[in-house]
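Novice: You'll find final-v1.cif just under this line, and it carries mmCIF, C-alpha atoms.
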data_input
loop_
_atom_site.label_atom_id
_atom_site.label_comp_id
_atom_site.auth_asym_id
_atom_site.auth_seq_id
_atom_site.Cartn_x
_atom_site.Cartn_y
_atom_site.Cartn_z
CA MET A 1 -83.85 -20.54 124.52
CA SER A 2 -82.93 -22.73 121.58
CA VAL A 3 -79.71 -24.11 120.16
CA ASP A 4 -79.67 -23.65 116.40
CA PHE A 5 -77.72 -25.33 113.61
CA ARG A 6 -77.78 -24.09 110.00
CA ASP A 7 -76.08 -24.94 106.73
CA THR A 8 -76.54 -23.46 103.28
CA ILE A 9 -75.32 -24.63 99.91
CA THR A 10 -75.63 -23.24 96.39
CA ILE A 11 -77.11 -25.72 93.94
CA ALA A 12 -76.93 -25.50 90.14
CA ALA A 13 -80.59 -26.40 89.80
CA PRO A 14 -83.93 -24.60 90.15
CA ALA A 15 -85.44 -24.30 93.63
CA THR A 16 -88.43 -26.42 92.59
CA ILE A 17 -86.16 -29.39 91.80
CA ALA A 18 -84.29 -29.13 95.12
CA GLY A 19 -87.59 -28.61 96.95
CA ASP A 20 -89.15 -31.69 95.34
CA ILE A 21 -86.14 -33.81 96.29
CA MET A 22 -86.27 -32.62 99.90
CA LYS A 23 -90.02 -33.24 100.14
CA ALA A 24 -89.64 -36.81 98.82
CA VAL A 25 -88.46 -37.82 102.30
CA GLN A 26 -88.85 -41.54 101.62
CA GLU A 27 -86.00 -41.22 99.09
CA TRP A 28 -83.51 -39.58 101.45
CA PRO A 29 -81.51 -42.76 102.15
CA SER A 30 -80.65 -42.88 98.43
CA TRP A 31 -78.88 -39.49 98.48
CA THR A 32 -77.68 -38.83 102.05
CA ALA A 33 -75.70 -41.16 104.31
CA SER A 34 -77.08 -39.24 107.30
CA VAL A 35 -80.40 -41.11 106.95
CA SER A 36 -80.55 -44.90 106.86
CA HIS A 37 -84.33 -45.45 106.77
CA VAL A 38 -87.52 -43.43 106.38
CA ASP A 39 -90.95 -44.82 107.26
CA ARG A 40 -93.66 -42.84 105.49
CA ALA A 41 -97.14 -44.38 105.43
CA ALA A 42 -98.62 -41.81 103.04
CA SER A 43 -97.95 -41.52 99.34
CA GLY A 44 -98.11 -38.48 97.14
CA PRO A 45 -97.16 -34.97 98.24
CA LEU A 46 -95.93 -34.36 101.78
CA THR A 47 -98.73 -32.78 103.83
CA VAL A 48 -99.01 -30.72 107.01
CA GLY A 49 -99.85 -32.96 109.97
CA GLU A 50 -98.28 -36.05 108.41
CA THR A 51 -95.90 -38.06 110.60
CA VAL A 52 -92.70 -39.63 109.28
CA GLY A 53 -90.33 -42.04 111.03
CA VAL A 54 -86.62 -41.38 110.47
CA THR A 55 -83.71 -43.63 111.40
CA GLN A 56 -80.20 -42.19 111.37
CA PRO A 57 -76.88 -43.88 112.11
CA LYS A 58 -75.75 -43.43 115.75
CA LEU A 59 -79.15 -41.97 116.80
CA ARG A 60 -82.41 -43.37 118.09
CA PRO A 61 -85.26 -43.52 115.55
CA SER A 62 -87.47 -40.43 115.70
CA THR A 63 -90.92 -39.44 114.55
CA TRP A 64 -91.34 -36.09 112.83
CA THR A 65 -94.58 -34.18 112.24
CA VAL A 66 -94.76 -31.95 109.17
CA THR A 67 -95.71 -28.39 110.18
CA LYS A 68 -95.21 -26.39 106.94
CA VAL A 69 -94.95 -27.31 103.25
CA ASP A 70 -94.67 -25.24 100.09
CA ALA A 71 -93.21 -25.60 96.59
CA HIS A 72 -89.66 -25.06 97.83
CA GLY A 73 -89.47 -27.19 100.96
CA PHE A 74 -90.90 -28.00 104.33
CA GLU A 75 -90.50 -27.85 108.10
CA TRP A 76 -91.17 -30.55 110.66
CA SER A 77 -90.84 -31.05 114.41
CA SER A 78 -90.02 -33.89 116.76
CA ASP A 79 -89.62 -34.60 120.46
CA SER A 80 -86.23 -36.30 120.14
CA ALA A 81 -85.73 -36.87 123.86
CA PRO A 82 -87.60 -36.01 127.03
CA GLY A 83 -87.24 -32.26 127.51
CA VAL A 84 -86.05 -31.61 123.94
CA ARG A 85 -88.13 -30.34 121.00
CA ASN A 86 -86.57 -30.22 117.53
CA VAL A 87 -87.64 -28.20 114.50
CA GLY A 88 -86.00 -28.99 111.17
CA GLY A 89 -86.27 -26.77 108.11
CA HIS A 90 -85.50 -27.79 104.52
CA TRP A 91 -85.87 -24.89 102.09
CA ALA A 92 -84.66 -24.02 98.60
CA ILE A 93 -84.45 -20.31 97.82
CA ASP A 94 -84.51 -19.28 94.14
CA ASN A 95 -81.43 -17.23 93.19
CA GLY A 96 -83.05 -15.90 89.99
CA ASP A 97 -80.41 -17.37 87.67
CA GLY A 98 -81.43 -21.03 87.43
CA THR A 99 -79.65 -21.86 90.69
CA CYS A 100 -80.90 -22.00 94.24
CA THR A 101 -79.58 -21.88 97.76
CA ALA A 102 -80.67 -24.70 100.04
CA GLU A 103 -81.01 -23.78 103.68
CA LEU A 104 -81.09 -26.63 106.18
CA THR A 105 -81.82 -25.80 109.81
CA LEU A 106 -82.22 -27.77 113.01
CA SER A 107 -83.24 -26.13 116.29
CA PHE A 108 -83.26 -27.76 119.71
CA ALA A 109 -85.45 -26.23 122.43
CA GLY A 110 -86.47 -27.24 125.93
CA PRO A 111 -84.85 -27.67 129.32
CA LEU A 112 -82.39 -30.34 128.14
CA ALA A 113 -81.55 -28.87 124.71
CA ARG A 114 -78.16 -27.50 125.75
CA VAL A 115 -77.13 -30.78 127.36
CA VAL A 116 -78.14 -32.85 124.33
CA THR A 117 -76.41 -30.54 121.87
CA LEU A 118 -73.29 -30.45 124.03
CA PHE A 119 -72.85 -34.18 123.35
CA TYR A 120 -74.15 -34.31 119.78
CA SER A 121 -73.16 -30.99 118.14
CA GLY A 122 -70.33 -32.51 116.07
CA LEU A 123 -72.57 -35.27 114.73
CA ILE A 124 -75.39 -32.81 114.06
CA ARG A 125 -73.10 -30.56 112.04
CA ARG A 126 -71.71 -33.52 110.07
CA TYR A 127 -75.18 -34.84 109.27
CA ILE A 128 -76.49 -31.45 108.14
CA ARG A 129 -73.42 -31.02 105.89
CA MET A 130 -73.91 -34.57 104.50
CA GLU A 131 -77.52 -33.75 103.75
CA ALA A 132 -76.59 -30.47 102.04
CA GLU A 133 -73.93 -32.10 99.87
CA GLY A 134 -76.16 -35.06 99.01
CA LEU A 135 -79.02 -32.73 98.12
CA ARG A 136 -76.73 -30.68 95.87
CA LYS A 137 -75.58 -33.77 93.98
CA ALA A 138 -79.10 -35.19 93.64
CA ALA A 139 -80.64 -31.87 92.50
CA GLU A 140 -77.87 -31.12 90.01
CA ALA A 141 -78.15 -34.64 88.56
CA ALA A 142 -81.93 -34.22 88.27
CA ALA A 143 -81.50 -30.83 86.58
CA GLN A 144 -79.06 -32.34 84.08
CA GLY A 145 -81.58 -35.07 83.28
CA SER A 146 -84.44 -32.65 82.60
#
So that I can check it, write out the structure of this file as structure tokens.

Specialist:
Amino acid sequence: MSVDFRDTITIAAPATIAGDIMKAVQEWPSWTASVSHVDRAASGPLTVGETVGVTQPKLRPSTWTVTKVDAHGFEWSSDSAPGVRNVGGHWAIDNGDGTCTAELTLSFAGPLARVVTLFYSGLIRRYIRMEAEGLRKAAEAAAQGS
């Protein structure tokens, strides 16, 4: 059984712009306060199998492995603590009118998932909301500049 968190936000920008911003993970600290540092060894497009180090305020650094990538986002997974497996999704869905809806998800699975989320659910929700709002601002600014 998993514990799931989800946030969506409408963005006045095409899904490809929001997707490109999400996939440029090394740039996240510039648009969301929920991420303080990203360590990405590779350059160019994000690829399946690639590992990325992420440091967030109030949390231990974690290593994420990219499991899916397409034009509108990506998914990755991490073992954040013994007995806990995380899957994070970052997707932009085209609304057909020049806007998109970003869907950010984070699932916790494993024998200790409920215990971990009991202590961290408020922080998790705040960080996902920060990421959604930061993404909206960054994508709308990029759309205005294009």

Novice: Evaluate the PyMOL selection byres ((chain A and resi 112) around 12) and record the selected residues as an MDAnalysis selection string, following the chain and residue labels used in the document.

Specialist: chainID A and resid 1:3 79:86 108:111 113:119

Novice: For the structure shown, which residues end up in the PyMOL selection byres ((chain A and resi 73) around 7)? Put them as an NGL selection string, please?

Specialist: :A and (19 or 22-23 or 69-72 or 74 or 90-92)

Novice: As an exercise, work out the distance from CA of Lys68 (chain A) to CA of Asn95 (chain A) in Å and give it to one decimal place.

Specialist: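 A separation of 21.5 Å between them.
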
Novice: If I take CA of Pro45 (chain A) and CA of Ile11 (chain A), how far is one from the other in Å, to one decimal?

Specialist: 22.5 Å

Novice: With 10 Å as the cut-off and only C-alpha atoms counted, what is the closest atom pair between each nearby residue of region 21-113 of chain A and region 124-135 of chain A? Distances in Å to one decimal, ordered by chain and number, as JSON lines.

Specialist:
{"residue": "A:Ile21", "atom": "CA", "partner": "A:Leu135", "partner_atom": "CA", "distance": 7.4}
{"residue": "A:Met22", "atom": "CA", "partner": "A:Leu135", "partner_atom": "CA", "distance": 7.5}
{"residue": "A:Trp28", "atom": "CA", "partner": "A:Glu131", "partner_atom": "CA", "distance": 8.7}
{"residue": "A:Pro29", "atom": "CA", "partner": "A:Gly134", "partner_atom": "CA", "distance": 9.9}
{"residue": "A:Ser30", "atom": "CA", "partner": "A:Gly134", "partner_atom": "CA", "distance": 9.0}
{"residue": "A:Trp31", "atom": "CA", "partner": "A:Gly134", "partner_atom": "CA", "distance": 5.2}
{"residue": "A:Thr32", "atom": "CA", "partner": "A:Gly134", "partner_atom": "CA", "distance": 5.1}
{"residue": "A:Ala33", "atom": "CA", "partner": "A:Met130", "partner_atom": "CA", "distance": 6.8}
{"residue": "A:Ser34", "atom": "CA", "partner": "A:Tyr127", "partner_atom": "CA", "distance": 5.2}
{"residue": "A:Val35", "atom": "CA", "partner": "A:Tyr127", "partner_atom": "CA", "distance": 8.5}
{"residue": "A:Gln56", "atom": "CA", "partner": "A:Tyr127", "partner_atom": "CA", "distance": 9.1}
{"residue": "A:Pro57", "atom": "CA", "partner": "A:Tyr127", "partner_atom": "CA", "distance": 9.6}
{"residue": "A:His90", "atom": "CA", "partner": "A:Ala132", "partner_atom": "CA", "distance": 9.6}
{"residue": "A:Ala102", "atom": "CA", "partner": "A:Ala132", "partner_atom": "CA", "distance": 7.3}
{"residue": "A:Glu103", "atom": "CA", "partner": "A:Ala132", "partner_atom": "CA", "distance": 8.2}
{"residue": "A:Leu104", "atom": "CA", "partner": "A:Ile128", "partner_atom": "CA", "distance": 6.9}
{"residue": "A:Thr105", "atom": "CA", "partner": "A:Ile128", "partner_atom": "CA", "distance": 7.9}
{"residue": "A:Leu106", "atom": "CA", "partner": "A:Ile128", "partner_atom": "CA", "distance": 8.4}

Novice: Padding 4 Å on each side, edges along x, y and z: where is the centre of the box around the listed atoms of region 87-99 of chain A, and how long are its edges in Å to one decimal? Output it as lines of an AutoDock Vina configuration file.

Specialist:
center_x = -83.6
center_y = -22.4
center_z = 101.0
size_x = 16.0
size_y = 21.1
size_z = 35.1

Novice: Can you turn the PyMOL selection byres ((chain A and resi 52) around 10) into a concrete residue list for this file, as a ChimeraX atom specification?

Specialist: /A:25-26,38-42,46,49-51,53-54,62-66,76,78

Novice: When you draw a straight line from CA of Ala18 (chain A) to CA of Tyr120 (chain A), how long is it in Å?

Specialist: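 Going from CA of Ala18 (chain A) over to CA of Tyr120 (chain A) covers 27.2 Å.
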
Novice: Measuring atom to atom with only C-alpha atoms, identify which of A:Ala138, A:Ala12, A:Thr55, A:Gly44 is nearest to Ile93 (chain A).

Specialist: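 Using only C-alpha atoms, Ile93 (chain A) sits closest to A:Ala12.
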
Novice: Between A:Arg60, A:Glu75, A:Phe5, A:Ala13, which one has atoms that come closest to Gly145 (chain A), using all atoms listed in the file?

Specialist: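 Smallest distance to Gly145 (chain A) is found for A:Ala13.
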
Novice: Using only C-alpha atoms, which of the listed residues (A:Asp20, A:Glu27, A:Asp7, A:Glu140) sits closest to Gly88 (chain A)?

Specialist: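 The answer is A:Asp7, which sits nearest to Gly88 (chain A).
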
Novice: Find, counting all atoms listed in the file, the residue in A:Lys58, A:Ser77, A:Asp94, A:Pro14 that gets nearest to Ser107 (chain A).

Specialist: A:Ser77

Novice: Pick the closest to Ala142 (chain A) from A:Thr16, A:Thr10, A:Ser121, A:Asp4: which is it, counting all atoms listed in the file?

Specialist: A:Thr16

Novice: Could you rebuild region 46-81 of chain A with N, CA and C atoms and give it back as a PDB file, in the coordinates of the input?

Specialist:
ATOM      1  N   LEU A  46     -96.061 -34.520 100.334  1.00  0.00           N
ATOM      2  CA  LEU A  46     -95.930 -34.360 101.780  1.00  0.00           C
ATOM      3  C   LEU A  46     -96.986 -33.373 102.248  1.00  0.00           C
ATOM      4  N   THR A  47     -97.647 -33.653 103.371  1.00  0.00           N
ATOM      5  CA  THR A  47     -98.730 -32.780 103.830  1.00  0.00           C
ATOM      6  C   THR A  47     -98.538 -32.379 105.296  1.00  0.00           C
ATOM      7  N   VAL A  48     -99.046 -31.204 105.631  1.00  0.00           N
ATOM      8  CA  VAL A  48     -99.010 -30.720 107.010  1.00  0.00           C
ATOM      9  C   VAL A  48     -99.799 -31.687 107.883  1.00  0.00           C
ATOM     10  N   GLY A  49     -99.228 -32.031 109.032  1.00  0.00           N
ATOM     11  CA  GLY A  49     -99.850 -32.960 109.970  1.00  0.00           C
ATOM     12  C   GLY A  49     -99.389 -34.397 109.794  1.00  0.00           C
ATOM     13  N   GLU A  50     -98.787 -34.703 108.674  1.00  0.00           N
ATOM     14  CA  GLU A  50     -98.280 -36.050 108.410  1.00  0.00           C
ATOM     15  C   GLU A  50     -97.108 -36.369 109.339  1.00  0.00           C
ATOM     16  N   THR A  51     -97.038 -37.635 109.789  1.00  0.00           N
ATOM     17  CA  THR A  51     -95.900 -38.060 110.600  1.00  0.00           C
ATOM     18  C   THR A  51     -95.012 -39.001 109.795  1.00  0.00           C
ATOM     19  N   VAL A  52     -93.703 -38.873 110.022  1.00  0.00           N
ATOM     20  CA  VAL A  52     -92.700 -39.630 109.280  1.00  0.00           C
ATOM     21  C   VAL A  52     -91.672 -40.158 110.272  1.00  0.00           C
ATOM     22  N   GLY A  53     -91.376 -41.458 110.193  1.00  0.00           N
ATOM     23  CA  GLY A  53     -90.330 -42.040 111.030  1.00  0.00           C
ATOM     24  C   GLY A  53     -88.989 -41.955 110.325  1.00  0.00           C
ATOM     25  N   VAL A  54     -87.956 -41.534 111.050  1.00  0.00           N
ATOM     26  CA  VAL A  54     -86.620 -41.380 110.470  1.00  0.00           C
ATOM     27  C   VAL A  54     -85.611 -42.111 111.347  1.00  0.00           C
ATOM     28  N   THR A  55     -84.793 -42.944 110.705  1.00  0.00           N
ATOM     29  CA  THR A  55     -83.710 -43.630 111.400  1.00  0.00           C
ATOM     30  C   THR A  55     -82.394 -43.111 110.834  1.00  0.00           C
ATOM     31  N   GLN A  56     -81.502 -42.707 111.752  1.00  0.00           N
ATOM     32  CA  GLN A  56     -80.200 -42.190 111.370  1.00  0.00           C
ATOM     33  C   GLN A  56     -79.115 -42.989 112.097  1.00  0.00           C
ATOM     34  N   PRO A  57     -77.970 -43.188 111.438  1.00  0.00           N
ATOM     35  CA  PRO A  57     -76.880 -43.880 112.110  1.00  0.00           C
ATOM     36  C   PRO A  57     -76.500 -43.163 113.411  1.00  0.00           C
ATOM     37  N   LYS A  58     -76.214 -43.933 114.452  1.00  0.00           N
ATOM     38  CA  LYS A  58     -75.750 -43.430 115.750  1.00  0.00           C
ATOM     39  C   LYS A  58     -76.812 -42.691 116.557  1.00  0.00           C
ATOM     40  N   LEU A  59     -78.069 -42.651 116.077  1.00  0.00           N
ATOM     41  CA  LEU A  59     -79.150 -41.970 116.800  1.00  0.00           C
ATOM     42  C   LEU A  59     -80.349 -42.889 116.935  1.00  0.00           C
ATOM     43  N   ARG A  60     -81.168 -42.614 117.949  1.00  0.00           N
ATOM     44  CA  ARG A  60     -82.410 -43.370 118.090  1.00  0.00           C
ATOM     45  C   ARG A  60     -83.388 -42.965 116.989  1.00  0.00           C
ATOM     46  N   PRO A  61     -84.226 -43.896 116.529  1.00  0.00           N
ATOM     47  CA  PRO A  61     -85.260 -43.520 115.550  1.00  0.00           C
ATOM     48  C   PRO A  61     -86.135 -42.410 116.128  1.00  0.00           C
ATOM     49  N   SER A  62     -86.619 -41.535 115.258  1.00  0.00           N
ATOM     50  CA  SER A  62     -87.470 -40.430 115.700  1.00  0.00           C
ATOM     51  C   SER A  62     -88.673 -40.297 114.780  1.00  0.00           C
ATOM     52  N   THR A  63     -89.714 -39.698 115.324  1.00  0.00           N
ATOM     53  CA  THR A  63     -90.920 -39.440 114.550  1.00  0.00           C
ATOM     54  C   THR A  63     -91.067 -37.937 114.402  1.00  0.00           C
ATOM     55  N   TRP A  64     -91.228 -37.498 113.160  1.00  0.00           N
ATOM     56  CA  TRP A  64     -91.340 -36.090 112.830  1.00  0.00           C
ATOM     57  C   TRP A  64     -92.743 -35.787 112.328  1.00  0.00           C
ATOM     58  N   THR A  65     -93.271 -34.638 112.704  1.00  0.00           N
ATOM     59  CA  THR A  65     -94.580 -34.180 112.240  1.00  0.00           C
ATOM     60  C   THR A  65     -94.381 -32.969 111.352  1.00  0.00           C
ATOM     61  N   VAL A  66     -94.890 -33.040 110.131  1.00  0.00           N
ATOM     62  CA  VAL A  66     -94.760 -31.950 109.170  1.00  0.00           C
ATOM     63  C   VAL A  66     -95.620 -30.777 109.624  1.00  0.00           C
ATOM     64  N   THR A  67     -95.014 -29.581 109.716  1.00  0.00           N
ATOM     65  CA  THR A  67     -95.710 -28.390 110.180  1.00  0.00           C
ATOM     66  C   THR A  67     -95.915 -27.332 109.102  1.00  0.00           C
ATOM     67  N   LYS A  68     -95.076 -27.337 108.057  1.00  0.00           N
ATOM     68  CA  LYS A  68     -95.210 -26.390 106.940  1.00  0.00           C
ATOM     69  C   LYS A  68     -94.718 -27.083 105.677  1.00  0.00           C
ATOM     70  N   VAL A  69     -95.379 -26.795 104.557  1.00  0.00           N
ATOM     71  CA  VAL A  69     -94.950 -27.310 103.250  1.00  0.00           C
ATOM     72  C   VAL A  69     -95.287 -26.256 102.203  1.00  0.00           C
ATOM     73  N   ASP A  70     -94.350 -26.026 101.271  1.00  0.00           N
ATOM     74  CA  ASP A  70     -94.670 -25.240 100.090  1.00  0.00           C
ATOM     75  C   ASP A  70     -93.857 -25.784  98.920  1.00  0.00           C
ATOM     76  N   ALA A  71     -93.872 -25.095  97.800  1.00  0.00           N
ATOM     77  CA  ALA A  71     -93.210 -25.600  96.590  1.00  0.00           C
ATOM     78  C   ALA A  71     -91.704 -25.771  96.756  1.00  0.00           C
ATOM     79  N   HIS A  72     -91.113 -25.060  97.707  1.00  0.00           N
ATOM     80  CA  HIS A  72     -89.660 -25.060  97.830  1.00  0.00           C
ATOM     81  C   HIS A  72     -89.134 -25.743  99.081  1.00  0.00           C
ATOM     82  N   GLY A  73     -89.973 -26.472  99.801  1.00  0.00           N
ATOM     83  CA  GLY A  73     -89.470 -27.190 100.960  1.00  0.00           C
ATOM     84  C   GLY A  73     -90.501 -27.415 102.026  1.00  0.00           C
ATOM     85  N   PHE A  74     -89.995 -27.704 103.221  1.00  0.00           N
ATOM     86  CA  PHE A  74     -90.900 -28.000 104.330  1.00  0.00           C
ATOM     87  C   PHE A  74     -90.186 -27.846 105.664  1.00  0.00           C
ATOM     88  N   GLU A  75     -91.004 -27.877 106.720  1.00  0.00           N
ATOM     89  CA  GLU A  75     -90.500 -27.850 108.100  1.00  0.00           C
ATOM     90  C   GLU A  75     -91.234 -28.940 108.859  1.00  0.00           C
ATOM     91  N   TRP A  76     -90.542 -29.544 109.818  1.00  0.00           N
ATOM     92  CA  TRP A  76     -91.170 -30.550 110.660  1.00  0.00           C
ATOM     93  C   TRP A  76     -90.607 -30.466 112.061  1.00  0.00           C
ATOM     94  N   SER A  77     -91.288 -31.105 113.020  1.00  0.00           N
ATOM     95  CA  SER A  77     -90.840 -31.050 114.410  1.00  0.00           C
ATOM     96  C   SER A  77     -90.908 -32.443 115.023  1.00  0.00           C
ATOM     97  N   SER A  78     -90.116 -32.598 116.089  1.00  0.00           N
ATOM     98  CA  SER A  78     -90.020 -33.890 116.760  1.00  0.00           C
ATOM     99  C   SER A  78     -89.627 -33.675 118.219  1.00  0.00           C
ATOM    100  N   ASP A  79     -90.098 -34.555 119.075  1.00  0.00           N
ATOM    101  CA  ASP A  79     -89.620 -34.600 120.460  1.00  0.00           C
ATOM    102  C   ASP A  79     -88.564 -35.696 120.480  1.00  0.00           C
ATOM    103  N   SER A  80     -87.295 -35.311 120.308  1.00  0.00           N
ATOM    104  CA  SER A  80     -86.230 -36.300 120.140  1.00  0.00           C
ATOM    105  C   SER A  80     -85.846 -36.983 121.434  1.00  0.00           C
ATOM    106  N   ALA A  81     -86.050 -36.313 122.542  1.00  0.00           N
ATOM    107  CA  ALA A  81     -85.730 -36.870 123.860  1.00  0.00           C
ATOM    108  C   ALA A  81     -86.615 -36.148 124.866  1.00  0.00           C
TER     109      ALA A  81
END
